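Below is run-v4.txt, which holds compact mmCIF, C-alpha atoms.
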# COMPACT_ATOMS: atom_id res chain seq x y z
CA MET S 1 20.86 19.91 10.12
CA ASN S 2 21.16 22.46 12.93
CA ILE S 3 17.44 22.37 13.60
CA LEU S 4 17.46 23.48 17.24
CA LEU S 5 19.33 26.59 16.20
CA ALA S 6 16.78 27.08 13.45
CA ILE S 7 13.80 26.59 15.76
CA GLY S 8 15.10 29.20 18.18
CA ALA S 9 15.84 31.73 15.47
CA PHE S 10 12.45 31.04 13.88
CA ALA S 11 10.71 31.96 17.11
CA LEU S 12 12.88 35.04 17.60
CA VAL S 13 12.19 36.47 14.15
CA ALA S 14 8.51 35.65 14.36
CA CYS S 15 8.12 37.70 17.50
CA GLY S 16 10.55 40.45 16.57
CA SER S 17 11.70 40.59 20.17
CA SER S 18 15.04 41.64 21.59
CA LYS S 19 16.65 40.90 24.93
CA SER S 20 16.84 44.61 25.71
CA ARG S 21 13.04 44.73 25.81
CA THR S 22 12.47 41.42 27.57
CA PRO S 23 9.97 41.79 30.45
CA SER S 24 11.11 40.99 33.99
CA GLU S 25 8.73 38.01 34.07
CA PRO S 26 6.22 36.49 31.63
CA ILE S 27 3.04 38.51 31.12
CA GLU S 28 1.11 35.33 31.89
CA MET S 29 2.71 35.25 35.36
CA GLN S 30 2.10 38.95 35.94
CA LEU S 31 -1.61 38.45 35.31
CA ALA S 32 -1.80 35.17 37.24
CA ARG S 33 -0.39 36.84 40.36
CA LYS S 34 -3.55 38.93 40.52
CA VAL S 35 -5.67 35.79 40.89
CA LYS S 36 -6.45 34.03 44.17
CA PHE S 37 -6.80 30.36 43.26
CA ASP S 38 -9.81 28.56 44.67
CA ILE S 39 -9.64 24.81 44.16
CA THR S 40 -13.31 24.45 45.13
CA ALA S 41 -14.69 26.91 42.54
CA THR S 42 -17.42 25.31 40.43
CA ALA S 43 -17.69 28.02 37.77
CA PRO S 44 -15.64 30.95 36.47
CA SER S 45 -16.34 34.41 37.82
CA SER S 46 -18.70 36.80 36.05
CA ASP S 47 -15.76 38.66 34.48
CA TYR S 48 -14.37 35.51 32.79
CA GLN S 49 -12.61 36.65 29.60
CA PRO S 50 -10.72 33.77 27.92
CA LEU S 51 -9.09 36.02 25.29
CA ALA S 52 -7.67 38.66 27.63
CA VAL S 53 -4.20 37.17 28.17
CA ALA S 54 -3.69 36.41 24.49
CA GLN S 55 -4.77 39.94 23.58
CA ALA S 56 -2.35 41.40 26.11
CA THR S 57 0.59 39.59 24.51
CA VAL S 58 -0.03 40.29 20.82
CA GLY S 59 2.94 42.15 19.40
CA LYS S 60 4.70 42.29 22.78
CA PRO S 61 8.22 40.97 23.50
CA MET S 62 8.38 37.52 25.06
CA TRP S 63 10.09 36.69 28.33
CA ASN S 64 11.51 33.48 26.83
CA GLU S 65 12.63 34.50 23.37
CA GLU S 66 12.96 30.91 22.13
CA PRO S 67 9.94 29.00 23.48
CA GLY S 68 10.10 26.61 20.52
CA THR S 69 12.93 24.83 22.36
CA PRO S 70 10.95 22.88 25.01
CA PRO S 71 12.08 21.89 28.52
CA GLN S 72 12.72 18.32 27.38
CA CYS S 73 15.67 19.54 25.32
CA TYR S 74 17.51 20.35 28.55
CA ALA S 75 17.40 16.81 29.92
CA LYS S 76 20.67 15.69 31.50
CA THR S 77 21.43 12.48 29.63
CA GLU S 78 24.66 11.81 31.56
CA GLY S 79 25.73 9.44 28.82
CA LYS S 80 23.23 6.85 30.00
CA SER S 81 20.01 7.65 28.15
CA ASN S 82 18.92 9.07 24.84
CA PRO S 83 15.60 10.91 25.23
CA CYS S 84 16.55 13.11 22.28
CA ALA S 85 15.74 10.20 19.96
CA SER S 86 12.07 10.71 20.83
CA CYS S 87 11.90 13.66 18.44
CA HIS S 88 15.17 13.79 16.49
CA THR S 89 15.90 11.04 13.99
CA HIS S 90 16.74 10.12 10.43
CA SER S 91 13.78 11.24 8.35
CA THR S 92 12.65 10.68 4.80
CA PRO S 93 11.06 13.30 2.51
CA PRO S 94 8.63 14.96 2.69
CA ASN S 95 10.09 15.42 6.21
CA PHE S 96 13.42 17.04 5.38
CA ALA S 97 14.53 17.68 8.98
CA ASP S 98 16.78 14.58 9.19
CA ASP S 99 17.94 15.85 12.56
CA TRP S 100 19.38 12.65 14.04
CA GLU S 101 22.63 14.40 14.98
CA LEU S 102 20.78 16.24 17.72
CA GLN S 103 20.85 12.98 19.65
CA GLN S 104 24.51 13.74 20.31
CA ASN S 105 24.91 17.48 19.77
CA TYR S 106 23.41 20.33 21.79
CA SER S 107 23.04 22.72 18.85
CA PHE S 108 21.51 25.60 20.75
CA THR S 109 21.76 29.29 20.00
CA ASP S 110 23.79 31.25 22.54
CA TYR S 111 20.54 32.48 24.09
CA ALA S 112 19.05 28.98 24.36
CA ARG S 113 22.13 27.54 26.06
CA VAL S 114 20.56 28.85 29.26
CA ASN S 115 17.44 26.96 30.34
CA HIS S 116 14.77 29.65 30.58
CA TRP S 117 12.04 27.27 31.80
CA LYS S 118 12.31 28.51 35.39
CA ASN S 119 8.86 27.16 36.23
CA GLN S 120 10.35 23.67 36.07
CA PHE S 121 12.39 24.41 39.19
CA ARG S 122 9.83 26.19 41.34
CA GLU S 123 9.43 24.66 44.80
CA ARG S 124 5.80 23.56 45.19
CA SER S 125 5.93 21.02 48.03
CA GLU S 126 4.45 23.41 50.61
CA VAL S 127 1.47 24.21 48.40
CA VAL S 128 0.91 20.56 47.48
CA ALA S 129 0.99 19.53 51.13
CA LYS S 130 -2.06 21.71 51.78
CA LEU S 131 -4.17 19.88 49.17
CA SER S 132 -6.23 16.88 50.18
CA ASP S 133 -6.81 13.92 47.90
CA SER S 134 -10.53 14.64 47.92
CA ASP S 135 -9.97 18.26 46.85
CA VAL S 136 -7.68 17.20 44.01
CA LEU S 137 -10.08 14.52 42.78
CA ALA S 138 -12.99 16.95 42.90
CA TYR S 139 -10.93 19.50 40.98
CA VAL S 140 -9.88 17.19 38.14
CA ARG S 141 -13.46 15.89 37.84
CA ARG S 142 -14.87 19.38 37.30
CA ASP S 143 -15.65 20.45 33.72
CA ASN S 144 -13.72 23.52 32.53
CA TYR S 145 -14.54 22.99 28.84
CA LYS S 146 -18.27 23.76 28.97
CA PRO S 147 -17.71 27.28 30.38
CA LEU S 148 -15.38 28.01 27.45
CA GLN S 149 -17.99 26.83 24.96
CA ALA S 150 -20.67 28.85 26.75
CA TRP S 151 -18.52 31.99 26.53
CA PHE S 152 -18.12 31.56 22.78
CA ALA S 153 -21.83 30.90 22.36
CA ALA S 154 -22.37 34.35 23.88
CA ASN S 155 -19.50 35.89 21.88
CA ALA S 156 -19.95 34.36 18.45
CA LYS S 157 -17.86 37.02 16.69
CA ALA S 158 -14.76 36.46 18.84
CA PRO S 159 -11.63 35.78 16.76
CA GLY S 160 -10.01 32.39 16.27
CA TRP S 161 -11.27 28.82 16.41
CA HIS S 162 -14.30 28.20 18.63
CA PRO S 163 -14.31 24.77 20.33
CA ASP S 164 -17.11 22.94 18.54
CA LEU S 165 -16.90 19.34 19.81
CA ASP S 166 -19.54 18.48 22.39
CA PHE S 167 -17.73 15.98 24.61
CA ALA S 168 -20.81 15.51 26.80
CA ARG S 169 -22.76 13.95 23.92
CA GLY S 170 -20.04 11.36 23.44
CA PHE S 171 -19.14 9.19 20.46
CA ASP S 172 -20.81 6.34 18.62
CA ALA S 173 -19.45 2.81 18.16
CA GLU S 174 -17.35 3.94 15.17
CA GLY S 175 -15.77 6.84 17.05
CA PHE S 176 -17.75 9.62 15.38
CA ALA S 177 -18.89 12.51 17.55
CA SER S 178 -22.58 12.20 18.36
CA ASP S 179 -23.04 15.95 17.86
CA ASN S 180 -22.63 15.52 14.05
CA SER S 181 -19.67 17.90 14.03
CA GLY S 182 -17.63 15.54 11.85
CA TRP S 183 -14.94 14.94 14.47
CA ARG S 184 -13.72 11.34 14.80
CA ALA S 185 -11.79 9.99 17.77
CA LEU S 186 -8.37 8.39 17.38
CA ARG S 187 -6.89 5.62 19.49
CA TYR S 188 -3.12 5.65 19.17
CA LYS S 189 0.07 4.63 20.88
CA PRO S 190 0.91 7.56 23.21
CA PHE S 191 3.90 9.57 22.13
CA VAL S 192 7.06 8.77 24.04
CA GLY S 193 7.37 10.43 27.44
CA ALA S 194 5.25 13.56 27.55
CA PHE S 195 1.84 11.90 27.31
CA TRP S 196 2.45 8.72 29.24
CA ALA S 197 0.20 8.71 32.29
CA THR S 198 3.25 7.90 34.43
CA ASN S 199 4.48 11.44 33.71
CA GLY S 200 1.38 13.22 34.96
CA SER S 201 -0.78 13.82 31.89
CA THR S 202 -2.81 11.96 29.34
CA ASP S 203 -4.55 13.18 26.20
CA ASP S 204 -6.94 12.45 23.37
CA VAL S 205 -6.98 13.41 19.70
CA PHE S 206 -9.73 13.90 17.10
CA VAL S 207 -9.50 14.38 13.34
CA ARG S 208 -11.88 16.02 10.87
CA LEU S 209 -11.68 16.19 7.09
CA PRO S 210 -13.27 19.00 5.04
CA THR S 211 -16.93 18.79 4.05
CA ALA S 212 -16.18 17.51 0.52
CA PHE S 213 -14.55 14.41 2.04
CA GLN S 214 -17.79 13.71 3.92
CA GLN S 215 -20.02 13.87 0.86
CA THR S 216 -20.84 12.01 -2.32
CA SER S 217 -19.87 13.47 -5.69
CA THR S 218 -23.35 15.04 -5.83
CA GLY S 219 -22.96 16.81 -2.50
CA GLU S 220 -24.99 14.49 -0.27
CA SER S 221 -23.71 13.69 3.21
CA SER S 222 -22.38 10.12 3.35
CA ARG S 223 -20.93 8.23 6.32
CA ALA S 224 -19.72 5.53 3.88
CA ILE S 225 -17.72 8.07 1.85
CA TYR S 226 -16.33 9.72 4.98
CA ARG S 227 -15.18 6.36 6.38
CA THR S 228 -13.60 5.54 3.01
CA ASN S 229 -11.66 8.79 2.94
CA LEU S 230 -10.51 8.44 6.54
CA ALA S 231 -9.30 4.92 5.77
CA ILE S 232 -7.34 6.26 2.78
CA LEU S 233 -5.90 9.01 4.97
CA GLU S 234 -4.89 6.43 7.58
CA ALA S 235 -3.06 4.41 4.92
CA ALA S 236 -1.32 7.50 3.52
CA ILE S 237 -0.09 8.83 6.88
CA THR S 238 0.98 5.49 8.38
CA ALA S 239 2.78 4.37 5.20
CA ASN S 240 6.48 3.62 5.56
CA PRO S 241 8.16 6.27 3.38
CA ASP S 242 11.03 3.89 2.55
CA VAL S 243 8.82 1.15 1.08
CA PRO S 244 7.70 1.26 -2.58
CA ILE S 245 4.06 2.35 -2.78
CA ALA S 246 3.06 -0.84 -4.60
CA SER S 247 4.34 -2.88 -1.66
CA LEU S 248 2.39 -1.02 1.01
CA ALA S 249 -0.42 -2.74 2.90
CA ARG S 250 -2.45 -1.22 5.76
CA GLU S 251 -5.16 -2.92 7.79
CA ILE S 252 -8.29 -0.75 7.85
CA GLU S 253 -11.85 -0.98 9.15
CA SER S 254 -14.24 -2.85 6.84
CA ILE S 255 -15.00 -0.51 3.93
CA ASP S 256 -17.63 -1.03 1.23
CA GLU S 257 -15.66 -0.22 -1.91
CA THR S 258 -18.85 0.30 -3.94
CA ALA S 259 -19.54 3.53 -2.02
CA GLY S 260 -16.45 5.29 -3.30
CA GLY S 261 -15.92 3.23 -6.45
CA ILE S 262 -12.28 2.55 -5.54
CA ASP S 263 -10.68 -0.91 -5.43
CA LEU S 264 -8.77 -0.37 -2.20
CA ASP S 265 -7.37 -3.87 -1.73
CA GLY S 266 -6.40 -4.35 -5.38
CA ASP S 267 -8.29 -7.62 -5.87
CA GLY S 268 -9.90 -6.45 -9.08
CA LYS S 269 -13.43 -6.07 -7.76
CA LEU S 270 -15.54 -3.73 -5.64
CA ALA S 271 -16.53 -5.51 -2.43
CA ILE S 272 -15.69 -5.24 1.29
CA ALA S 273 -12.06 -4.28 1.87
CA THR S 274 -10.17 -4.69 5.15
CA THR S 275 -6.77 -3.76 3.72
CA ILE S 276 -5.51 -0.96 1.50
CA VAL S 277 -2.81 -2.27 -0.81
CA GLY S 278 -0.60 0.45 -2.24
CA LEU S 279 -2.33 3.84 -2.21
CA PRO S 280 -5.25 4.98 -4.39
CA ALA S 281 -4.57 7.87 -6.74
CA HIS S 282 -7.30 10.05 -5.25
CA TYR S 283 -9.84 10.35 -2.46
CA ALA S 284 -13.50 9.41 -2.90
CA GLY S 285 -16.87 11.13 -3.34
CA GLY S 286 -16.81 14.91 -3.23
CA ALA S 287 -13.03 14.80 -2.81
CA VAL S 288 -12.38 12.73 -5.93
CA ALA S 289 -10.30 15.56 -7.42
CA VAL S 290 -7.92 15.53 -4.43
CA ALA S 291 -4.80 13.43 -4.99
CA VAL S 292 -3.57 11.03 -2.30
CA THR S 293 0.02 11.76 -1.27
CA ARG S 294 2.00 9.54 1.05
CA SER S 295 2.95 11.21 4.36
CA LEU S 296 1.01 14.38 3.58
CA TYR S 297 -2.47 15.50 4.62
CA PRO S 298 -4.87 17.20 2.23
CA ARG S 299 -5.57 20.88 2.66
CA GLY S 300 -8.26 21.60 5.23
CA VAL S 301 -7.68 18.69 7.62
CA GLU S 302 -8.22 19.60 11.28
CA PHE S 303 -6.99 18.15 14.57
CA LEU S 304 -8.32 18.69 18.07
CA HIS S 305 -6.04 17.62 20.92
CA THR S 306 -6.88 17.86 24.61
CA VAL S 307 -4.30 17.43 27.36
CA ARG S 308 -5.90 16.01 30.51
CA TYR S 309 -5.29 15.60 34.18
CA LEU S 310 -5.28 12.03 35.42
CA ASP S 311 -8.30 10.38 37.02
CA PRO S 312 -7.67 6.81 38.22
CA GLU S 313 -11.34 6.03 37.58
CA GLY S 314 -11.67 7.88 34.27
CA PRO S 315 -11.78 6.18 30.85
CA GLY S 316 -8.19 5.74 29.74
CA PHE S 317 -7.23 7.55 32.98
CA ARG S 318 -8.57 10.81 31.47
CA ALA S 319 -9.95 13.36 33.88
CA LEU S 320 -12.86 15.59 32.86
CA ARG S 321 -10.80 18.72 33.51
CA MET S 322 -8.49 19.77 30.70
CA LYS S 323 -5.04 21.29 31.03
CA GLU S 324 -5.09 22.40 27.39
CA VAL S 325 -7.29 22.32 24.30
CA ARG S 326 -5.16 22.43 21.17
CA TYR S 327 -6.37 22.95 17.59
CA SER S 328 -4.53 22.81 14.29
CA THR S 329 -5.52 22.94 10.65
CA LYS S 330 -3.60 22.64 7.40
CA THR S 331 -4.42 25.67 5.29
CA GLY S 332 -2.51 24.80 2.12
CA PHE S 333 -0.75 22.03 0.25
CA LEU S 334 2.90 22.36 -0.78
CA ALA S 335 4.87 20.45 -3.39
CA ASP S 336 7.94 18.56 -2.15
CA ARG S 337 10.30 21.25 -3.46
CA ASP S 338 8.43 23.92 -1.50
CA ILE S 339 8.45 21.80 1.64
CA ALA S 340 12.20 21.28 1.22
CA LYS S 341 12.65 25.04 0.80
CA ALA S 342 10.65 25.66 3.99
CA TYR S 343 13.07 23.44 5.93
CA ALA S 344 16.10 24.99 4.22
CA ASP S 345 14.88 28.51 5.01
CA LEU S 346 15.02 27.67 8.71
CA GLU S 347 18.80 27.52 8.34
CA LEU S 348 19.03 31.13 7.14
CA ALA S 349 20.47 33.86 9.35
CA GLU S 350 17.06 35.54 9.16
CA PRO S 351 14.48 32.80 8.61
CA PRO S 352 10.96 33.74 7.52
CA ALA S 353 8.61 34.89 10.24
CA MET S 354 5.51 33.01 11.27
CA THR S 355 2.25 34.71 10.37
CA GLY S 356 -0.75 35.36 12.56
CA ASN S 357 -0.90 35.81 16.32
CA ALA S 358 -2.18 34.17 19.46
CA LEU S 359 -5.76 35.32 18.92
CA VAL S 360 -6.27 33.87 15.45
CA GLY S 361 -3.51 31.26 15.51
CA MET S 362 0.04 31.18 14.18
CA MET S 363 1.00 29.60 10.88
CA ASN S 364 4.29 27.92 10.04
CA ALA S 365 6.02 27.64 6.68
CA GLN S 366 4.34 24.27 6.02
CA THR S 367 0.91 26.01 6.14
CA TRP S 368 -0.17 24.53 9.49
CA GLN S 369 -2.05 26.99 11.70
CA LEU S 370 -2.04 26.33 15.45
CA GLN S 371 -3.94 27.85 18.36
CA ALA S 372 -4.87 26.60 21.80
CA TYR S 373 -6.47 27.20 25.18
CA ILE S 374 -4.78 26.57 28.52
CA GLU S 375 -5.80 26.83 32.17
CA ASP S 376 -5.73 30.30 33.67
CA GLY S 377 -4.79 31.09 37.26
CA ASN S 378 -8.15 29.77 38.45
CA GLY S 379 -8.20 26.64 36.33
CA TRP S 380 -10.57 27.91 33.63
CA LEU S 381 -9.52 27.73 30.00
CA ARG S 382 -8.10 30.82 28.29
CA LYS S 383 -6.47 31.45 24.91
CA GLN S 384 -2.74 30.83 24.90
CA SER S 385 -0.36 33.77 24.80
CA GLU S 386 2.07 34.46 21.94
CA GLU S 387 4.88 32.73 23.84
CA GLU S 388 2.75 29.70 24.71
CA THR S 389 1.60 29.35 21.10
CA GLN S 390 5.17 29.49 19.81
CA PHE S 391 6.07 26.77 22.30
CA CYS S 392 3.63 24.52 20.38
CA MET S 393 5.04 25.61 17.03
CA GLY S 394 8.50 24.24 17.82
CA CYS S 395 7.53 20.55 17.85
CA HIS S 396 4.87 20.93 15.15
CA SER S 397 7.15 22.59 12.61
CA ASN S 398 10.63 21.15 12.54
CA VAL S 399 11.40 17.78 14.14
CA GLY S 400 12.40 14.63 12.28
CA ILE S 401 10.00 12.25 14.01
CA ASN S 402 6.68 13.77 12.97
CA VAL S 403 4.63 13.09 9.84
CA ASP S 404 3.52 16.31 8.14
CA GLN S 405 3.99 18.14 11.45
CA THR S 406 1.68 15.77 13.38
CA PHE S 407 2.19 12.86 15.75
CA ALA S 408 -0.99 10.93 16.61
CA LEU S 409 -2.43 9.55 13.35
CA ALA S 410 0.87 7.98 12.32
CA ARG S 411 0.73 6.04 15.63
CA LYS S 412 -2.93 5.01 15.23
CA VAL S 413 -4.05 1.49 16.15
CA PRO S 414 -4.92 -0.15 12.79
CA GLY S 415 -8.52 -0.51 11.66
CA LEU S 416 -11.71 0.02 13.63
CA PRO S 417 -10.07 -0.49 17.09
CA GLY S 418 -8.17 2.73 16.33
CA TRP S 419 -11.34 4.72 15.67
CA ARG S 420 -12.57 5.35 19.20
CA PRO S 421 -11.70 7.62 22.13
CA GLN S 422 -8.16 7.23 23.36
CA ASP S 423 -7.43 4.40 25.78
CA PRO S 424 -3.86 3.07 26.02
CA THR S 425 -5.02 -0.14 27.71
CA GLY S 426 -3.94 -3.14 25.67
CA ILE S 427 -2.05 -1.25 22.96
CA PRO S 428 1.07 -3.31 22.17
CA ASP S 429 4.51 -1.74 22.44
CA VAL S 430 5.53 -2.05 18.80
CA PRO S 431 8.88 -0.76 17.45
CA GLN S 432 9.22 2.40 15.40
CA VAL S 433 10.12 2.04 11.74
CA GLY S 434 13.76 0.98 11.49
CA HIS S 435 13.86 -0.39 15.04
CA THR S 436 13.58 -3.95 16.33
CA VAL S 437 12.39 -3.37 19.90
CA GLY S 438 9.50 -1.39 21.35
CA GLU S 439 9.76 2.08 22.76
Now that the file is in, can you turn its structure into structure tokens?
Amino acid sequence: MNILLAIGAFALVACGSSKSRTPSEPIEMQLARKVKFDITATAPSSDYQPLAVAQATVGKPMWNEEPGTPPQCYAKTEGKSNPCASCHTHSTPPNFADDWELQQNYSFTDYARVNHWKNQFRERSEVVAKLSDSDVLAYVRRDNYKPLQAWFAANAKAPGWHPDLDFARGFDAEGFASDNSGWRALRYKPFVGAFWATNGSTDDVFVRLPTAFQQTSTGESSRAIYRTNLAILEAAITANPDVPIASLAREIESIDETAGGIDLDGDGKLAIATTIVGLPAHYAGGAVAVAVTRSLYPRGVEFLHTVRYLDPEGPGFRALRMKEVRYSTKTGFLADRDIAKAYADLELAEPPAMTGNALVGMMNAQTWQLQAYIEDGNGWLRKQSEEETQFCMGCHSNVGINVDQTFALARKVPGLPGWRPQDPTGIPDVPQVGHTVGE
């Protein structure tokens, strides 16, 4: 499948841009040039407007017309390495990408044959030399998330997703957010390359299921039901798609089966289960009418993903300052034939356009809606531009390695040790499915 070609064309049609109208430099850069960066600033200025850049790019042509093809795709393998295998692989439905051939073929569009990620080659040594270790440490230990939340608290009608996880209040022993927002922390094997601390960033991920999954069948809030449904979700997303469902077995946290009335471990009784054998037919409690489907999330699931600077003294090497705050939600649920059609449509000369925009989020053909915040020229978080949002859409729409357009939950540490804030310390280097050695 010529998926790189499809990704590029997908982005091009979605934006409706043309090279004749391409700006001389990205709008983001034009606006950033007006800012004088102050590494010692402790708060944003009084005119802080985190939606301004996104608003300025809505409906405008992009400088890079195919941002869905990331910089990693231009790696020089020199016949000695195969970084392409990180994303492109044999896949099994409901992932119909099956893009393993991209490990050996550069199937770019004519436009994408030129690497447009010029920022990757900018000389920064002179600037870096002027920064002291103490200034850098102070910078990465400064909170740029609270000012974003404070802005939304004062602008409650602003469009898009409003960051609603209070990191300062922390998480309990089971990984649930102490602010009662319903977010639960994931501990997972970091994805190959990009989020290894050795490459300059780390991250953390949180998942939230819709309200019905957190309630009993009579509408009462229930931690027991929520834990049951998250355990079922873990089993469904981590399940090997090539193994018969009856032969599946996933280690989970200890679940009281009497809460949801589901015999998870198949031993013929309702007791404490530490393994899900096979997959149950449906979720529990208020979500009892929702069928469980291997390798697919239910409609309404949400993910929050923060990309962090490194702090050698931070938990899991995570700095307080965030490079990005990414949010995604699944707004629908497609049958296999419709998912297959969505992948096939990417091969068309004029593939379907994405819907939405940078302000409210963009949606792909698999019904996932993505939006995010990124550092502005002064290090405070702002909404991503159209081009930056489409950059995210590339990996979360079309590659063979992901599971229902996501990465983290499929790599979760089994059971309760995987339900806490991210920390790669002690996570074993296990092989991917179909491999015999670790990554």
| request: Record the distance separating CA of Gln369 (chain S) and CA of Ala153 (chain S), expressed in Å with one decimal. | output: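 Atom-to-atom, CA of Gln369 (chain S) and CA of Ala153 (chain S) are spaced 22.8 Å apart.
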| said: So that I can check the surroundings of Thr329 (chain S), please list as number ranges by chain every protein, DNA and RNA residue that reaches within 12 Å of it, counting all atoms listed in the file and ignoring chain neighbours fewer than 2 positions away. | reply: S: 160-161, 206-210, 297-305, 326-327, 331-333, 360-364, 366-372, 396, 404-406
Convert the current residue selection to file output with C-alpha atoms, as a PDB file, in the frame of the given file.
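Dumped to result25.pdb:
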ATOM      1  CA  GLY S 160     -10.010  32.390  16.270  1.00  0.00           C
ATOM      2  CA  TRP S 161     -11.270  28.820  16.410  1.00  0.00           C
ATOM      3  CA  PHE S 206      -9.730  13.900  17.100  1.00  0.00           C
ATOM      4  CA  VAL S 207      -9.500  14.380  13.340  1.00  0.00           C
ATOM      5  CA  ARG S 208     -11.880  16.020  10.870  1.00  0.00           C
ATOM      6  CA  LEU S 209     -11.680  16.190   7.090  1.00  0.00           C
ATOM      7  CA  PRO S 210     -13.270  19.000   5.040  1.00  0.00           C
ATOM      8  CA  TYR S 297      -2.470  15.500   4.620  1.00  0.00           C
ATOM      9  CA  PRO S 298      -4.870  17.200   2.230  1.00  0.00           C
ATOM     10  CA  ARG S 299      -5.570  20.880   2.660  1.00  0.00           C
ATOM     11  CA  GLY S 300      -8.260  21.600   5.230  1.00  0.00           C
ATOM     12  CA  VAL S 301      -7.680  18.690   7.620  1.00  0.00           C
ATOM     13  CA  GLU S 302      -8.220  19.600  11.280  1.00  0.00           C
ATOM     14  CA  PHE S 303      -6.990  18.150  14.570  1.00  0.00           C
ATOM     15  CA  LEU S 304      -8.320  18.690  18.070  1.00  0.00           C
ATOM     16  CA  HIS S 305      -6.040  17.620  20.920  1.00  0.00           C
ATOM     17  CA  ARG S 326      -5.160  22.430  21.170  1.00  0.00           C
ATOM     18  CA  TYR S 327      -6.370  22.950  17.590  1.00  0.00           C
ATOM     19  CA  THR S 331      -4.420  25.670   5.290  1.00  0.00           C
ATOM     20  CA  GLY S 332      -2.510  24.800   2.120  1.00  0.00           C
ATOM     21  CA  PHE S 333      -0.750  22.030   0.250  1.00  0.00           C
ATOM     22  CA  VAL S 360      -6.270  33.870  15.450  1.00  0.00           C
ATOM     23  CA  GLY S 361      -3.510  31.260  15.510  1.00  0.00           C
ATOM     24  CA  MET S 362       0.040  31.180  14.180  1.00  0.00           C
ATOM     25  CA  MET S 363       1.000  29.600  10.880  1.00  0.00           C
ATOM     26  CA  ASN S 364       4.290  27.920  10.040  1.00  0.00           C
ATOM     27  CA  GLN S 366       4.340  24.270   6.020  1.00  0.00           C
ATOM     28  CA  THR S 367       0.910  26.010   6.140  1.00  0.00           C
ATOM     29  CA  TRP S 368      -0.170  24.530   9.490  1.00  0.00           C
ATOM     30  CA  GLN S 369      -2.050  26.990  11.700  1.00  0.00           C
ATOM     31  CA  LEU S 370      -2.040  26.330  15.450  1.00  0.00           C
ATOM     32  CA  GLN S 371      -3.940  27.850  18.360  1.00  0.00           C
ATOM     33  CA  ALA S 372      -4.870  26.600  21.800  1.00  0.00           C
ATOM     34  CA  HIS S 396       4.870  20.930  15.150  1.00  0.00           C
ATOM     35  CA  ASP S 404       3.520  16.310   8.140  1.00  0.00           C
ATOM     36  CA  GLN S 405       3.990  18.140  11.450  1.00  0.00           C
ATOM     37  CA  THR S 406       1.680  15.770  13.380  1.00  0.00           C
TER      38      THR S 406
END
| request: Would you mind listing what lies within 7 Å of Trp419 (chain S) as a list of chain:residue names, with all atoms listed in the file counted and same-chain residues fewer than 3 positions away left out? | output: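 Surrounding residues, per the criterion: S:Glu174, S:Gly175, S:Ala185, S:Leu186, S:Arg187, S:Leu416.
You will find CA of Pro147 (chain S) at 19.0 Å from CA of Ala32 (chain S).
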| said: Using only C-alpha atoms, list the residues that have an atom at most 12 Å from (-15.2, 32.2, 42.9), coordinates as in the file, as a list in words. | reply: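 Selection result: Val35, Lys36, Phe37, Asp38, Ile39, Thr40, Ala41, Thr42, Ala43, Pro44, Ser45, Ser46, Asp47, Tyr48, Gly377, Asn378, Gly379 and Trp380 of chain S.
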Those residues with C-alpha atoms, as a compact mmCIF listing (two decimals), keeping the file's coordinate frame please?
# COMPACT_ATOMS: atom_id res chain seq x y z
CA VAL S 35 -5.67 35.79 40.89
CA LYS S 36 -6.45 34.03 44.17
CA PHE S 37 -6.80 30.36 43.26
CA ASP S 38 -9.81 28.56 44.67
CA ILE S 39 -9.64 24.81 44.16
CA THR S 40 -13.31 24.45 45.13
CA ALA S 41 -14.69 26.91 42.54
CA THR S 42 -17.42 25.31 40.43
CA ALA S 43 -17.69 28.02 37.77
CA PRO S 44 -15.64 30.95 36.47
CA SER S 45 -16.34 34.41 37.82
CA SER S 46 -18.70 36.80 36.05
CA ASP S 47 -15.76 38.66 34.48
CA TYR S 48 -14.37 35.51 32.79
CA GLY S 377 -4.79 31.09 37.26
CA ASN S 378 -8.15 29.77 38.45
CA GLY S 379 -8.20 26.64 36.33
CA TRP S 380 -10.57 27.91 33.63
| field | All residues 12 Å or closer to Gly193 (chain S), all atoms listed in the file, same chain fewer than 3 positions away omitted, as a PyMOL selection string | value | chain S and resi 72+82-87+189-190+196-202+439
List the neighbours of Ile374 (chain S) out to 12 Å using all atoms listed in the file; skip same-chain residues closer than 5 positions along the sequence, and give me the result as a compact mmCIF listing (two decimals) with C-alpha atoms, keeping the file's coordinate frame.
# COMPACT_ATOMS: atom_id res chain seq x y z
CA GLU S 28 1.11 35.33 31.89
CA PRO S 50 -10.72 33.77 27.92
CA LEU S 51 -9.09 36.02 25.29
CA VAL S 53 -4.20 37.17 28.17
CA ALA S 54 -3.69 36.41 24.49
CA ASN S 144 -13.72 23.52 32.53
CA TYR S 145 -14.54 22.99 28.84
CA LEU S 148 -15.38 28.01 27.45
CA HIS S 305 -6.04 17.62 20.92
CA THR S 306 -6.88 17.86 24.61
CA VAL S 307 -4.30 17.43 27.36
CA ARG S 308 -5.90 16.01 30.51
CA ARG S 321 -10.80 18.72 33.51
CA MET S 322 -8.49 19.77 30.70
CA LYS S 323 -5.04 21.29 31.03
CA GLU S 324 -5.09 22.40 27.39
CA VAL S 325 -7.29 22.32 24.30
CA ARG S 326 -5.16 22.43 21.17
CA TYR S 327 -6.37 22.95 17.59
CA GLY S 379 -8.20 26.64 36.33
CA TRP S 380 -10.57 27.91 33.63
CA LEU S 381 -9.52 27.73 30.00
CA ARG S 382 -8.10 30.82 28.29
CA LYS S 383 -6.47 31.45 24.91
CA GLN S 384 -2.74 30.83 24.90
CA SER S 385 -0.36 33.77 24.80
CA GLU S 388 2.75 29.70 24.71
CA THR S 389 1.60 29.35 21.10
CA CYS S 392 3.63 24.52 20.38
